[in-house]
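Novice: Have a look at this one before I ask anything.
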There are 2 protein chains.
Amino acid sequence: MPPETLTPERILEATEEVLRRYGPAKATVVDVARALGVSHGSVYRHFRTKAALREAVTERWLNRTSEQLSAIVAAEGPAPDRLDRWLTALFEAKRHKAGDDPELFATYMTLIGESGGVVDRHVTDLEAQLTAIIEAGVTEGAFHTPSPPTAARAVFNATGRFHDPCYAPEWSSPTISDDFEAVRELLLRGLTG
Amino acid sequence: MPPETLTPERILEATEEVLRRYGPAKATVVDVARALGVSHGSVYRHFRTKAALREAVTERWLNRTSEQLSAIVAAEGPAPDRLDRWLTALFEAKRHKAGDDPELFATYMTLIGESGGVVDRHVTDLEAQLTAIIEAGVTEGAFHTPSPPTAARAVFNATGRFHDPCYAPEWSSPTISDDFEAVRELLLRGLTG
């Protein structure tokens with residue numbers, strides 16, 4: 001019997017560690033089970049397929065960002081400030097993920113390529129957070145838009161350069177912070193104007 | 001002696017044809033010379049290396065878009081209308097390039113990966129066009145921005161989803177036109193507000 005109860009969270013932690021060690025092409029469920037000192041059957045009791053396990057670990061990785069950001073949605077303060085902080089925090093989070101551990105980032109990019117659904121859910125989640133801030137701004141009288149969800153999606157799409165992984169190589173450019181400021185200001189003016 | 005004078009333009013036309021036929025991995029300067037019925041030395045008199053030839057043909061391909069757009073910069077009419085038309089025309093041009101001839105598009109994506117400089121010049125060119133429209137808008141009193149070049153770069157960056165090749169797979173999505181409208185409107189309000 002393993003010393004600790006085998007929870008989904010423990011399996012996902014071990015999976016990330018195994019992915020980091022062997023890379024996405026070689027990592028197997030047997031490696032995960034071995035790292036946990038359990039049989040692969042025990043892992044399959046929680047995640048029915050290798051694909052489901054990989055999707056769950058990717059979702060967990062993406063959720064780390066959305067959970068961080070949800071604190072800004074729930075915070076006090078004027079909506080324009082919170083929108084500003086939210087966009088800045090999203091850019092920072094993605095930039096750190098890409099820059100601090102480029103191998104793990106590349107691993108997750110591979111996993112994301114295997115499953116579109118998990119990214120769609122992440123984007124839906126982030127757009128819902130943006131919608132909540134923009135709705136609050138409309139209530140405060142700070143933002144003017146007929147449709148907060150449409151505006152939220154526009155803000156998300158217009159800031160892709162600063163959160164979409166296809167731009168990760170740009171995030172170390174010396175002009176990227178100025179570029180980000182300029183887009184963020186223009187969008188805020190679009191919402192307040 | 002070839003029947004027509006061997007001009008750079010004729011060489012570039014033949015190069016595009018050869019790239020289309022053999023793909024970027026196999027196409028050689030000898031193939032281009034053969035297609036023109038000239039020696040490869042004649043081609044090298046105009047383009048000193050294979051890399052220079054590939055860069056020139058890529059530049060010509062990109063310039064087709066910027067030349068189309070420059071007509072909108074030069075046109076009469078209020079700046080907000082022209083900005084609107086310019087952004088729509090850029091999206092349409094890129095979408096057509098990607099959708100109408102996907103193989104040639106993929107070929108040029110490979111060539112672009114070989115030479116960063118040619119894309120940088122293209123982006124500089126497009127941002128200069130945007131700057132001219134935004135400056136006109138400031139003169140007309142329609143746009144309000146302390147720095148037209150900064151605003152132009154922000155508009156260009158914020159519309160990446162609708163012109164950057166990394167998003168080409170999204171351009172056939174059923175929501176892409178609505179997404180484009182929403183971003184364009186938000187940016188226009190940011191400039192006028």
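By order of appearance in the structure tokens: chains A, B, ..., then residues from 1 within every chain, and ligands from 1 in the order shown.
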For B:Leu126, please output as a PyMOL selection string all residues within 12 Å (counting only C-alpha atoms; exclusion window: fewer than 6 positions along the same chain).
Specialist: chain B and resi 62-70+72-73+86-87+90+119-120+132-133+149+152-153+155-157+163
Novice: At a cut-off of 7 Å, list the chain B residues touching chain A, using only C-alpha atoms, as a ChimeraX atom specification.
Specialist: /B:150-151,154,157-159,161,166,179,182-183,186-187,189-190,193
Novice: Those same residues, written as an mmCIF file, in the first residue's frame with all heavy atoms?
Specialist:
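Once written, out13.cif looks like this:
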data_model
loop_
_atom_site.group_PDB
_atom_site.id
_atom_site.type_symbol
_atom_site.label_atom_id
_atom_site.label_comp_id
_atom_site.auth_asym_id
_atom_site.auth_seq_id
_atom_site.Cartn_x
_atom_site.Cartn_y
_atom_site.Cartn_z
ATOM 1 N N THR B 150 3.198 55.454 -32.370
ATOM 2 C CA THR B 150 2.926 54.500 -31.286
ATOM 3 C C THR B 150 1.529 53.916 -31.432
ATOM 4 O O THR B 150 1.324 52.703 -31.280
ATOM 5 C CB THR B 150 3.062 55.203 -29.916
ATOM 6 O OG1 THR B 150 4.380 55.731 -29.826
ATOM 7 C CG2 THR B 150 2.835 54.233 -28.764
ATOM 8 N N ALA B 151 0.566 54.769 -31.760
ATOM 9 C CA ALA B 151 -0.805 54.294 -31.957
ATOM 10 C C ALA B 151 -0.870 53.333 -33.145
ATOM 11 O O ALA B 151 -1.562 52.307 -33.083
ATOM 12 C CB ALA B 151 -1.747 55.473 -32.172
ATOM 13 N N ALA B 154 0.404 50.048 -32.119
ATOM 14 C CA ALA B 154 -0.573 49.397 -31.240
ATOM 15 C C ALA B 154 -1.714 48.795 -32.068
ATOM 16 O O ALA B 154 -2.134 47.661 -31.822
ATOM 17 C CB ALA B 154 -1.111 50.390 -30.210
ATOM 18 N N ASN B 157 -0.342 45.701 -33.838
ATOM 19 C CA ASN B 157 -0.173 44.580 -32.902
ATOM 20 C C ASN B 157 -1.512 44.025 -32.427
ATOM 21 O O ASN B 157 -1.663 42.824 -32.256
ATOM 22 C CB ASN B 157 0.665 45.014 -31.693
ATOM 23 C CG ASN B 157 2.141 45.134 -32.034
ATOM 24 O OD1 ASN B 157 2.612 44.530 -33.001
ATOM 25 N ND2 ASN B 157 2.877 45.908 -31.256
ATOM 26 N N ALA B 158 -2.470 44.914 -32.205
ATOM 27 C CA ALA B 158 -3.768 44.480 -31.672
ATOM 28 C C ALA B 158 -4.603 43.735 -32.713
ATOM 29 O O ALA B 158 -5.573 43.071 -32.362
ATOM 30 C CB ALA B 158 -4.545 45.679 -31.134
ATOM 31 N N THR B 159 -4.234 43.837 -33.983
ATOM 32 C CA THR B 159 -4.978 43.133 -35.030
ATOM 33 C C THR B 159 -4.207 41.925 -35.569
ATOM 34 O O THR B 159 -4.579 41.363 -36.613
ATOM 35 C CB THR B 159 -5.333 44.087 -36.194
ATOM 36 O OG1 THR B 159 -4.137 44.775 -36.596
ATOM 37 C CG2 THR B 159 -6.373 45.115 -35.785
ATOM 38 N N ARG B 161 -4.192 38.885 -34.814
ATOM 39 C CA ARG B 161 -5.030 37.715 -35.055
ATOM 40 C C ARG B 161 -5.583 37.690 -36.482
ATOM 41 O O ARG B 161 -5.939 36.633 -36.999
ATOM 42 C CB ARG B 161 -6.204 37.738 -34.067
ATOM 43 C CG ARG B 161 -7.045 36.506 -34.120
ATOM 44 C CD ARG B 161 -8.048 36.449 -32.988
ATOM 45 N NE ARG B 161 -8.520 35.100 -32.822
ATOM 46 C CZ ARG B 161 -7.990 34.216 -31.993
ATOM 47 N NH1 ARG B 161 -6.979 34.548 -31.236
ATOM 48 N NH2 ARG B 161 -8.459 33.000 -31.924
ATOM 49 N N CYS B 166 0.598 33.140 -38.074
ATOM 50 C CA CYS B 166 0.458 32.096 -37.056
ATOM 51 C C CYS B 166 -1.021 31.842 -36.753
ATOM 52 O O CYS B 166 -1.356 30.814 -36.169
ATOM 53 C CB CYS B 166 1.296 32.357 -35.805
ATOM 54 S SG CYS B 166 0.582 33.436 -34.582
ATOM 55 N N ASP B 179 -15.360 38.485 -34.824
ATOM 56 C CA ASP B 179 -14.202 38.785 -33.971
ATOM 57 C C ASP B 179 -13.432 39.991 -34.521
ATOM 58 O O ASP B 179 -13.000 40.870 -33.778
ATOM 59 C CB ASP B 179 -13.268 37.572 -33.883
ATOM 60 C CG ASP B 179 -13.851 36.446 -33.044
ATOM 61 O OD1 ASP B 179 -14.807 36.706 -32.283
ATOM 62 O OD2 ASP B 179 -13.358 35.312 -33.153
ATOM 63 N N ALA B 182 -15.338 43.291 -33.961
ATOM 64 C CA ALA B 182 -15.319 43.725 -32.560
ATOM 65 C C ALA B 182 -13.977 44.385 -32.215
ATOM 66 O O ALA B 182 -13.945 45.427 -31.547
ATOM 67 C CB ALA B 182 -15.590 42.537 -31.641
ATOM 68 N N VAL B 183 -12.894 43.818 -32.692
ATOM 69 C CA VAL B 183 -11.575 44.404 -32.412
ATOM 70 C C VAL B 183 -11.427 45.738 -33.142
ATOM 71 O O VAL B 183 -10.988 46.735 -32.565
ATOM 72 C CB VAL B 183 -10.431 43.427 -32.811
ATOM 73 C CG1 VAL B 183 -9.081 44.128 -32.809
ATOM 74 C CG2 VAL B 183 -10.416 42.220 -31.878
ATOM 75 N N LEU B 186 -13.443 48.469 -31.433
ATOM 76 C CA LEU B 186 -12.841 48.862 -30.155
ATOM 77 C C LEU B 186 -11.619 49.754 -30.391
ATOM 78 O O LEU B 186 -11.425 50.772 -29.705
ATOM 79 C CB LEU B 186 -12.455 47.602 -29.372
ATOM 80 C CG LEU B 186 -11.949 47.788 -27.948
ATOM 81 C CD1 LEU B 186 -12.978 48.497 -27.077
ATOM 82 C CD2 LEU B 186 -11.592 46.425 -27.334
ATOM 83 N N LEU B 187 -10.812 49.415 -31.390
ATOM 84 C CA LEU B 187 -9.616 50.213 -31.683
ATOM 85 C C LEU B 187 -9.995 51.580 -32.229
ATOM 86 O O LEU B 187 -9.399 52.603 -31.863
ATOM 87 C CB LEU B 187 -8.716 49.470 -32.672
ATOM 88 C CG LEU B 187 -8.142 48.143 -32.158
ATOM 89 C CD1 LEU B 187 -7.386 47.430 -33.279
ATOM 90 C CD2 LEU B 187 -7.235 48.367 -30.958
ATOM 91 N N ARG B 189 -12.702 53.199 -31.597
ATOM 92 C CA ARG B 189 -13.193 53.996 -30.464
ATOM 93 C C ARG B 189 -12.025 54.466 -29.591
ATOM 94 O O ARG B 189 -12.075 55.562 -29.020
ATOM 95 C CB ARG B 189 -14.199 53.203 -29.632
ATOM 96 C CG ARG B 189 -15.573 53.176 -30.308
ATOM 97 C CD ARG B 189 -16.601 52.509 -29.436
ATOM 98 N NE ARG B 189 -16.648 53.079 -28.102
ATOM 99 C CZ ARG B 189 -17.218 52.489 -27.049
ATOM 100 N NH1 ARG B 189 -17.740 51.286 -27.200
ATOM 101 N NH2 ARG B 189 -17.234 53.076 -25.888
ATOM 102 N N GLY B 190 -11.008 53.641 -29.486
ATOM 103 C CA GLY B 190 -9.832 54.046 -28.713
ATOM 104 C C GLY B 190 -9.120 55.243 -29.335
ATOM 105 O O GLY B 190 -8.557 56.078 -28.635
ATOM 106 N N GLY B 193 -11.983 58.289 -29.206
ATOM 107 C CA GLY B 193 -12.515 58.632 -27.867
ATOM 108 C C GLY B 193 -11.642 59.616 -27.091
ATOM 109 O O GLY B 193 -10.493 59.808 -27.395
#
Novice: Using only C-alpha atoms, pick whichever of A:Thr15, A:Pro8, A:Trp171, A:Ile134 has the shortest atom-to-atom distance to A:His96.
Specialist: A:Trp171
Novice: Set the distance at 8 Å and use only C-alpha atoms: which residues neighbour A:Val57 once local chain neighbours fewer than 2 positions away are removed? I'd like the list as a PyMOL selection string.
Specialist: chain A and resi 12+15-16+53-55+59-61
Novice: Just want the 10 Å neighbourhood of A:Gly41, counted on only C-alpha atoms, with same-chain residues fewer than 5 positions away dropped. Output as a ChimeraX atom specification.
Specialist: /A:29-30,33,46-48
